[in-house]
Amino acid sequence: MSAKPASQRSLPVVDGSVADAAVAAEAGRLADQAAGPRDIAAVRTLRVSVTDRCNLRCTYCMPAEGMKWIPKGDLLDFEEITRIARTAIDLGITNFKITGGEPLLRQQVEDLVAMLRALPGCGELSLTTNGILLAERAAGLRAAGIERVTVSLDTLRADRFRALTRTGHIERVWEGIAAAEAAGMTPLKINVVVLRDGNVDEVAAFADLTREHKRDVRFIEFMPLGQSKALTGADQFVPYAEIRGAIEAVHGPLVEAGRGVGHGPARHFRMAGARGRIGFIHAMSAPFCSTCNRLRLTPEGQLRSCLFDGGEVDLRPLVRGSLRADALRQAFVDCVRLKPDRHQMYGNRQMSQIGG
Ligand code: SF4
């Protein structure tokens, strides 16, 4: 085992009163942003989910048993994904994030990475993973063309990790993080979904991970997607203002640190003297639809306009058999027009099917 959390000291229990009025007011201002762009020219990133399967069973994401997986024959193959990516690049969508489910469960996903990397005009290639298989795959992924990795990690405590994922060993994730950083996939991002009953007392300890390392730790408001709300059995939502307030109560005021690399949805801040950054993804308390620059491709070929409730366009008939290039381009344009003005507060698809 290698890297360890920088701090695991006990932290004060946090409640909504910690958040100061200025942060709450700022969240309100952000929530009033204008509707999302419906122009293909605004789209920069395609999130490509390569599988709905996962080697963990996070309690807010999947039931312990009985998931109905997409049949393997229905998954887009790597040639089909590459054709879609080529069209995306023609339209100016040059960045690709490989995701899942757990993308490292897709056999030889490194081959897909290399195929995308070889496309003329391909921009940033990144991957989101739960980290369990990352230690042995990091060097190969880097060699194939992945530049940066996002690791999902919702707790720093081994016992909680085991309970939250129902099966995982947190040591594997830290080994994966160390391997990814050693392979040069930096700055590494750590995504933390903040849960009222799960980890809200750990947010300041997570923030501490940015003190010595040039990492982005990003706090994500819990989003009720698919069965997630039913699975957790209680309202797990913790608003941005409260998360930030809990961090500032321990570490002092955060200073704005600009947009994320790749211009993703996070707003970034820095603790005084820290090397890394802290990000917030506040899709619930302050939707950022007006700055949305991404589309999503599901494993079976639906181009999805929004994580939550936007419409989808089926690309499979356009890439299976003889390629209909013009129709594929038009499908992208049509899909962006399906973006909602402002997303609803409930997602109609399971997170593991759309790559969170
Ligand atoms: S949240 Fe991510 S790691 Fe956890 S079960 Fe869902 S897809 Fe797997």
# chains A, B, ... in the order shown; residues from 1 in each chain; ligands from 1
>>> select_by_dssp(residues="range 29-237 of chain A", states="alpha helix (DSSP H)", output="VMD selection string")
chain A and resid 29 to 31 78 to 90 109 to 117 134 to 144 158 to 165 170 to 182 203 to 212 228 to 232
>>> write_last_selection(atoms="C-alpha atoms", output="PDB file, in the first residue's frame")
ATOM      1  CA  ARG A  29     -27.324  33.610  -7.127  1.00  0.00           C
ATOM      2  CA  LEU A  30     -25.859  30.629  -8.988  1.00  0.00           C
ATOM      3  CA  ALA A  31     -29.232  28.891  -8.916  1.00  0.00           C
ATOM      4  CA  PHE A  78     -15.060   0.047 -30.031  1.00  0.00           C
ATOM      5  CA  GLU A  79     -15.341   0.640 -33.791  1.00  0.00           C
ATOM      6  CA  GLU A  80     -18.810   2.102 -33.336  1.00  0.00           C
ATOM      7  CA  ILE A  81     -17.723   4.327 -30.467  1.00  0.00           C
ATOM      8  CA  THR A  82     -14.771   5.527 -32.515  1.00  0.00           C
ATOM      9  CA  ARG A  83     -17.025   6.418 -35.438  1.00  0.00           C
ATOM     10  CA  ILE A  84     -19.215   8.449 -33.119  1.00  0.00           C
ATOM     11  CA  ALA A  85     -16.130  10.138 -31.665  1.00  0.00           C
ATOM     12  CA  ARG A  86     -14.889  11.030 -35.151  1.00  0.00           C
ATOM     13  CA  THR A  87     -18.178  12.801 -35.876  1.00  0.00           C
ATOM     14  CA  ALA A  88     -18.025  14.521 -32.493  1.00  0.00           C
ATOM     15  CA  ILE A  89     -14.561  15.879 -33.296  1.00  0.00           C
ATOM     16  CA  ASP A  90     -15.850  17.177 -36.662  1.00  0.00           C
ATOM     17  CA  VAL A 109     -10.747  -0.674 -22.748  1.00  0.00           C
ATOM     18  CA  GLU A 110      -7.140   0.412 -23.355  1.00  0.00           C
ATOM     19  CA  ASP A 111      -7.714  -0.513 -27.030  1.00  0.00           C
ATOM     20  CA  LEU A 112     -10.583   1.980 -27.202  1.00  0.00           C
ATOM     21  CA  VAL A 113      -8.397   4.629 -25.598  1.00  0.00           C
ATOM     22  CA  ALA A 114      -5.703   4.054 -28.233  1.00  0.00           C
ATOM     23  CA  MET A 115      -8.284   4.215 -31.043  1.00  0.00           C
ATOM     24  CA  LEU A 116      -9.609   7.523 -29.765  1.00  0.00           C
ATOM     25  CA  ARG A 117      -6.099   8.893 -29.207  1.00  0.00           C
ATOM     26  CA  LEU A 134      -6.499   1.029 -11.273  1.00  0.00           C
ATOM     27  CA  ALA A 135      -3.195  -0.056  -9.702  1.00  0.00           C
ATOM     28  CA  GLU A 136      -2.526  -2.721 -12.322  1.00  0.00           C
ATOM     29  CA  ARG A 137      -3.997  -0.756 -15.232  1.00  0.00           C
ATOM     30  CA  ALA A 138      -2.655   2.777 -14.694  1.00  0.00           C
ATOM     31  CA  ALA A 139       0.572   2.467 -16.682  1.00  0.00           C
ATOM     32  CA  GLY A 140      -1.222   0.815 -19.617  1.00  0.00           C
ATOM     33  CA  LEU A 141      -3.939   3.439 -19.654  1.00  0.00           C
ATOM     34  CA  ARG A 142      -1.345   6.211 -19.676  1.00  0.00           C
ATOM     35  CA  ALA A 143       0.554   4.524 -22.504  1.00  0.00           C
ATOM     36  CA  ALA A 144      -2.682   4.192 -24.488  1.00  0.00           C
ATOM     37  CA  ALA A 158     -12.005   1.468   5.671  1.00  0.00           C
ATOM     38  CA  ASP A 159     -15.043   0.319   7.642  1.00  0.00           C
ATOM     39  CA  ARG A 160     -17.295   2.887   6.023  1.00  0.00           C
ATOM     40  CA  PHE A 161     -15.917   2.120   2.575  1.00  0.00           C
ATOM     41  CA  ARG A 162     -16.742  -1.530   3.060  1.00  0.00           C
ATOM     42  CA  ALA A 163     -20.268  -0.682   4.221  1.00  0.00           C
ATOM     43  CA  LEU A 164     -20.923   1.944   1.545  1.00  0.00           C
ATOM     44  CA  THR A 165     -19.676  -0.171  -1.364  1.00  0.00           C
ATOM     45  CA  ILE A 170     -10.204   0.975   0.353  1.00  0.00           C
ATOM     46  CA  GLU A 171      -6.512  -0.020   0.214  1.00  0.00           C
ATOM     47  CA  ARG A 172      -7.023  -0.976  -3.430  1.00  0.00           C
ATOM     48  CA  VAL A 173      -8.258   2.536  -4.202  1.00  0.00           C
ATOM     49  CA  TRP A 174      -5.226   4.182  -2.550  1.00  0.00           C
ATOM     50  CA  GLU A 175      -2.928   1.855  -4.471  1.00  0.00           C
ATOM     51  CA  GLY A 176      -4.740   2.879  -7.657  1.00  0.00           C
ATOM     52  CA  ILE A 177      -4.424   6.574  -6.856  1.00  0.00           C
ATOM     53  CA  ALA A 178      -0.700   6.180  -6.196  1.00  0.00           C
ATOM     54  CA  ALA A 179      -0.210   4.246  -9.446  1.00  0.00           C
ATOM     55  CA  ALA A 180      -2.129   6.815 -11.487  1.00  0.00           C
ATOM     56  CA  GLU A 181      -0.092   9.670 -10.044  1.00  0.00           C
ATOM     57  CA  ALA A 182       3.142   7.748 -10.583  1.00  0.00           C
ATOM     58  CA  VAL A 203     -15.498  16.660   4.280  1.00  0.00           C
ATOM     59  CA  ALA A 204     -12.773  18.629   6.084  1.00  0.00           C
ATOM     60  CA  ALA A 205     -10.529  15.536   6.155  1.00  0.00           C
ATOM     61  CA  PHE A 206     -11.080  15.120   2.422  1.00  0.00           C
ATOM     62  CA  ALA A 207     -10.175  18.765   1.891  1.00  0.00           C
ATOM     63  CA  ASP A 208      -6.914  18.080   3.717  1.00  0.00           C
ATOM     64  CA  LEU A 209      -5.906  15.732   0.877  1.00  0.00           C
ATOM     65  CA  THR A 210      -5.215  18.829  -1.212  1.00  0.00           C
ATOM     66  CA  ARG A 211      -2.723  20.324   1.228  1.00  0.00           C
ATOM     67  CA  GLU A 212       0.373  18.368   0.233  1.00  0.00           C
ATOM     68  CA  SER A 228     -30.773   6.115  -5.840  1.00  0.00           C
ATOM     69  CA  LYS A 229     -33.227   7.896  -3.578  1.00  0.00           C
ATOM     70  CA  ALA A 230     -35.234   4.745  -2.990  1.00  0.00           C
ATOM     71  CA  LEU A 231     -32.018   2.843  -2.262  1.00  0.00           C
ATOM     72  CA  THR A 232     -30.753   5.198   0.410  1.00  0.00           C
TER      73      THR A 232
END
>>> closest_atom_pairs(of="chain A", to="ligand 1", cutoff="10 Å", atoms="only C-alpha atoms and all ligand atoms", output="Markdown table")
| residue | atom | partner | partner_atom_place_in_ligand_line | distance |
| --- | --- | --- | --- | --- |
| A:Thr51 | CA | ligand 1 | 7 (S) | 9.4 |
| A:Asp52 | CA | ligand 1 | 7 (S) | 7.3 |
| A:Arg53 | CA | ligand 1 | 7 (S) | 7.2 |
| A:Cys54 | CA | ligand 1 | 8 (Fe) | 4.6 |
| A:Asn55 | CA | ligand 1 | 8 (Fe) | 6.3 |
| A:Leu56 | CA | ligand 1 | 5 (S) | 4.6 |
| A:Arg57 | CA | ligand 1 | 5 (S) | 4.0 |
| A:Cys58 | CA | ligand 1 | 4 (Fe) | 4.1 |
| A:Thr59 | CA | ligand 1 | 5 (S) | 7.3 |
| A:Tyr60 | CA | ligand 1 | 1 (S) | 7.0 |
| A:Cys61 | CA | ligand 1 | 6 (Fe) | 4.6 |
| A:Met62 | CA | ligand 1 | 5 (S) | 5.7 |
| A:Pro63 | CA | ligand 1 | 5 (S) | 8.8 |
| A:Ala64 | CA | ligand 1 | 5 (S) | 9.4 |
| A:Thr99 | CA | ligand 1 | 7 (S) | 9.0 |
| A:Gly100 | CA | ligand 1 | 7 (S) | 6.3 |
| A:Gly101 | CA | ligand 1 | 7 (S) | 4.0 |
| A:Glu102 | CA | ligand 1 | 7 (S) | 5.6 |
| A:Pro103 | CA | ligand 1 | 7 (S) | 9.0 |
| A:Thr128 | CA | ligand 1 | 2 (Fe) | 9.1 |
| A:Thr129 | CA | ligand 1 | 3 (S) | 7.2 |
| A:Asn130 | CA | ligand 1 | 3 (S) | 4.9 |
| A:Gly131 | CA | ligand 1 | 3 (S) | 8.5 |
| A:Ile132 | CA | ligand 1 | 3 (S) | 8.9 |
| A:Val151 | CA | ligand 1 | 3 (S) | 9.3 |
| A:Ser152 | CA | ligand 1 | 3 (S) | 6.8 |
| A:Leu153 | CA | ligand 1 | 3 (S) | 8.3 |
| A:Asp154 | CA | ligand 1 | 1 (S) | 9.2 |
| A:Leu164 | CA | ligand 1 | 4 (Fe) | 8.5 |
| A:Thr165 | CA | ligand 1 | 4 (Fe) | 6.2 |
| A:Arg166 | CA | ligand 1 | 5 (S) | 9.1 |
| A:Thr167 | CA | ligand 1 | 5 (S) | 9.9 |
| A:Gly168 | CA | ligand 1 | 3 (S) | 9.3 |
| A:Val193 | CA | ligand 1 | 1 (S) | 8.9 |
| A:Ser228 | CA | ligand 1 | 6 (Fe) | 9.6 |
| A:Gln350 | CA | ligand 1 | 6 (Fe) | 9.0 |
| A:Met351 | CA | ligand 1 | 6 (Fe) | 6.8 |
| A:Ser352 | CA | ligand 1 | 7 (S) | 4.6 |
| A:Gln353 | CA | ligand 1 | 7 (S) | 8.2 |
| A:Ile354 | CA | ligand 1 | 7 (S) | 9.4 |
| A:Gly355 | CA | ligand 1 | 7 (S) | 7.5 |
| A:Gly356 | CA | ligand 1 | 2 (Fe) | 7.9 |
>>> residues_around(residues="range 293-308 of chain A", least_positions_apart="5", cutoff="6 Å", atoms="only C-alpha atoms", output="list in words")
Ala42, Val43, Arg44, Thr45, Leu46, Arg47, Val48, Ser49, Val50, Thr51, Asp74, Leu75, Leu76, Val313, Asp314, Leu315, Arg316, Cys335, Val336, Lys339, Gly347 and Ile354 of chain A
>>> closest_residue(among="A:Pro287, A:Gly121, A:Pro340, A:Gly66", to="Gly311 in chain A", atoms="only C-alpha atoms")
A:Pro340
>>> select_by_dssp(residues="range 203-340 of chain A", states="strand (DSSP E or B)", output="ChimeraX atom specification")
/A:216-221,225,255-259,267-270,277-281,294-297,302-304,312-314
>>> write_last_selection(atoms="C-alpha atoms", output="PDB file, in the first residue's frame")
ATOM      1  CA  ASP A 216      -8.497  18.245  -7.112  1.00  0.00           C
ATOM      2  CA  VAL A 217     -10.887  16.977  -4.449  1.00  0.00           C
ATOM      3  CA  ARG A 218     -14.416  17.633  -5.666  1.00  0.00           C
ATOM      4  CA  PHE A 219     -17.505  17.493  -3.493  1.00  0.00           C
ATOM      5  CA  ILE A 220     -20.665  16.463  -5.324  1.00  0.00           C
ATOM      6  CA  GLU A 221     -24.139  17.092  -4.020  1.00  0.00           C
ATOM      7  CA  LEU A 225     -30.924   9.473 -10.159  1.00  0.00           C
ATOM      8  CA  VAL A 255     -10.058  31.307  -2.136  1.00  0.00           C
ATOM      9  CA  GLU A 256     -11.469  31.036  -5.677  1.00  0.00           C
ATOM     10  CA  ALA A 257      -9.123  29.068  -7.953  1.00  0.00           C
ATOM     11  CA  GLY A 258     -10.730  29.252 -11.404  1.00  0.00           C
ATOM     12  CA  ARG A 259     -12.524  26.690 -13.534  1.00  0.00           C
ATOM     13  CA  ARG A 267     -16.131  25.520  -9.253  1.00  0.00           C
ATOM     14  CA  HIS A 268     -12.679  25.415  -7.737  1.00  0.00           C
ATOM     15  CA  PHE A 269     -11.215  26.918  -4.592  1.00  0.00           C
ATOM     16  CA  ARG A 270      -8.008  26.558  -2.635  1.00  0.00           C
ATOM     17  CA  ARG A 277      -7.770  22.507  -5.174  1.00  0.00           C
ATOM     18  CA  ILE A 278     -11.208  21.913  -3.762  1.00  0.00           C
ATOM     19  CA  GLY A 279     -14.126  21.734  -6.179  1.00  0.00           C
ATOM     20  CA  PHE A 280     -17.872  21.823  -5.710  1.00  0.00           C
ATOM     21  CA  ILE A 281     -20.405  20.324  -8.080  1.00  0.00           C
ATOM     22  CA  ARG A 294     -21.167  18.101 -22.450  1.00  0.00           C
ATOM     23  CA  LEU A 295     -23.180  15.285 -23.932  1.00  0.00           C
ATOM     24  CA  ARG A 296     -23.285  11.680 -22.775  1.00  0.00           C
ATOM     25  CA  LEU A 297     -23.144   8.446 -24.710  1.00  0.00           C
ATOM     26  CA  GLN A 302     -28.099   6.575 -26.729  1.00  0.00           C
ATOM     27  CA  LEU A 303     -26.770  10.107 -27.035  1.00  0.00           C
ATOM     28  CA  ARG A 304     -28.089  11.822 -23.931  1.00  0.00           C
ATOM     29  CA  GLU A 312     -31.936  11.025 -25.909  1.00  0.00           C
ATOM     30  CA  VAL A 313     -31.200  10.258 -29.530  1.00  0.00           C
ATOM     31  CA  ASP A 314     -30.527   6.653 -30.540  1.00  0.00           C
TER      32      ASP A 314
END
>>> closest_residue(among="A:His251, A:Arg329, A:Lys189, A:Arg196", to="Arg148 in chain A", atoms="only C-alpha atoms")
A:Lys189
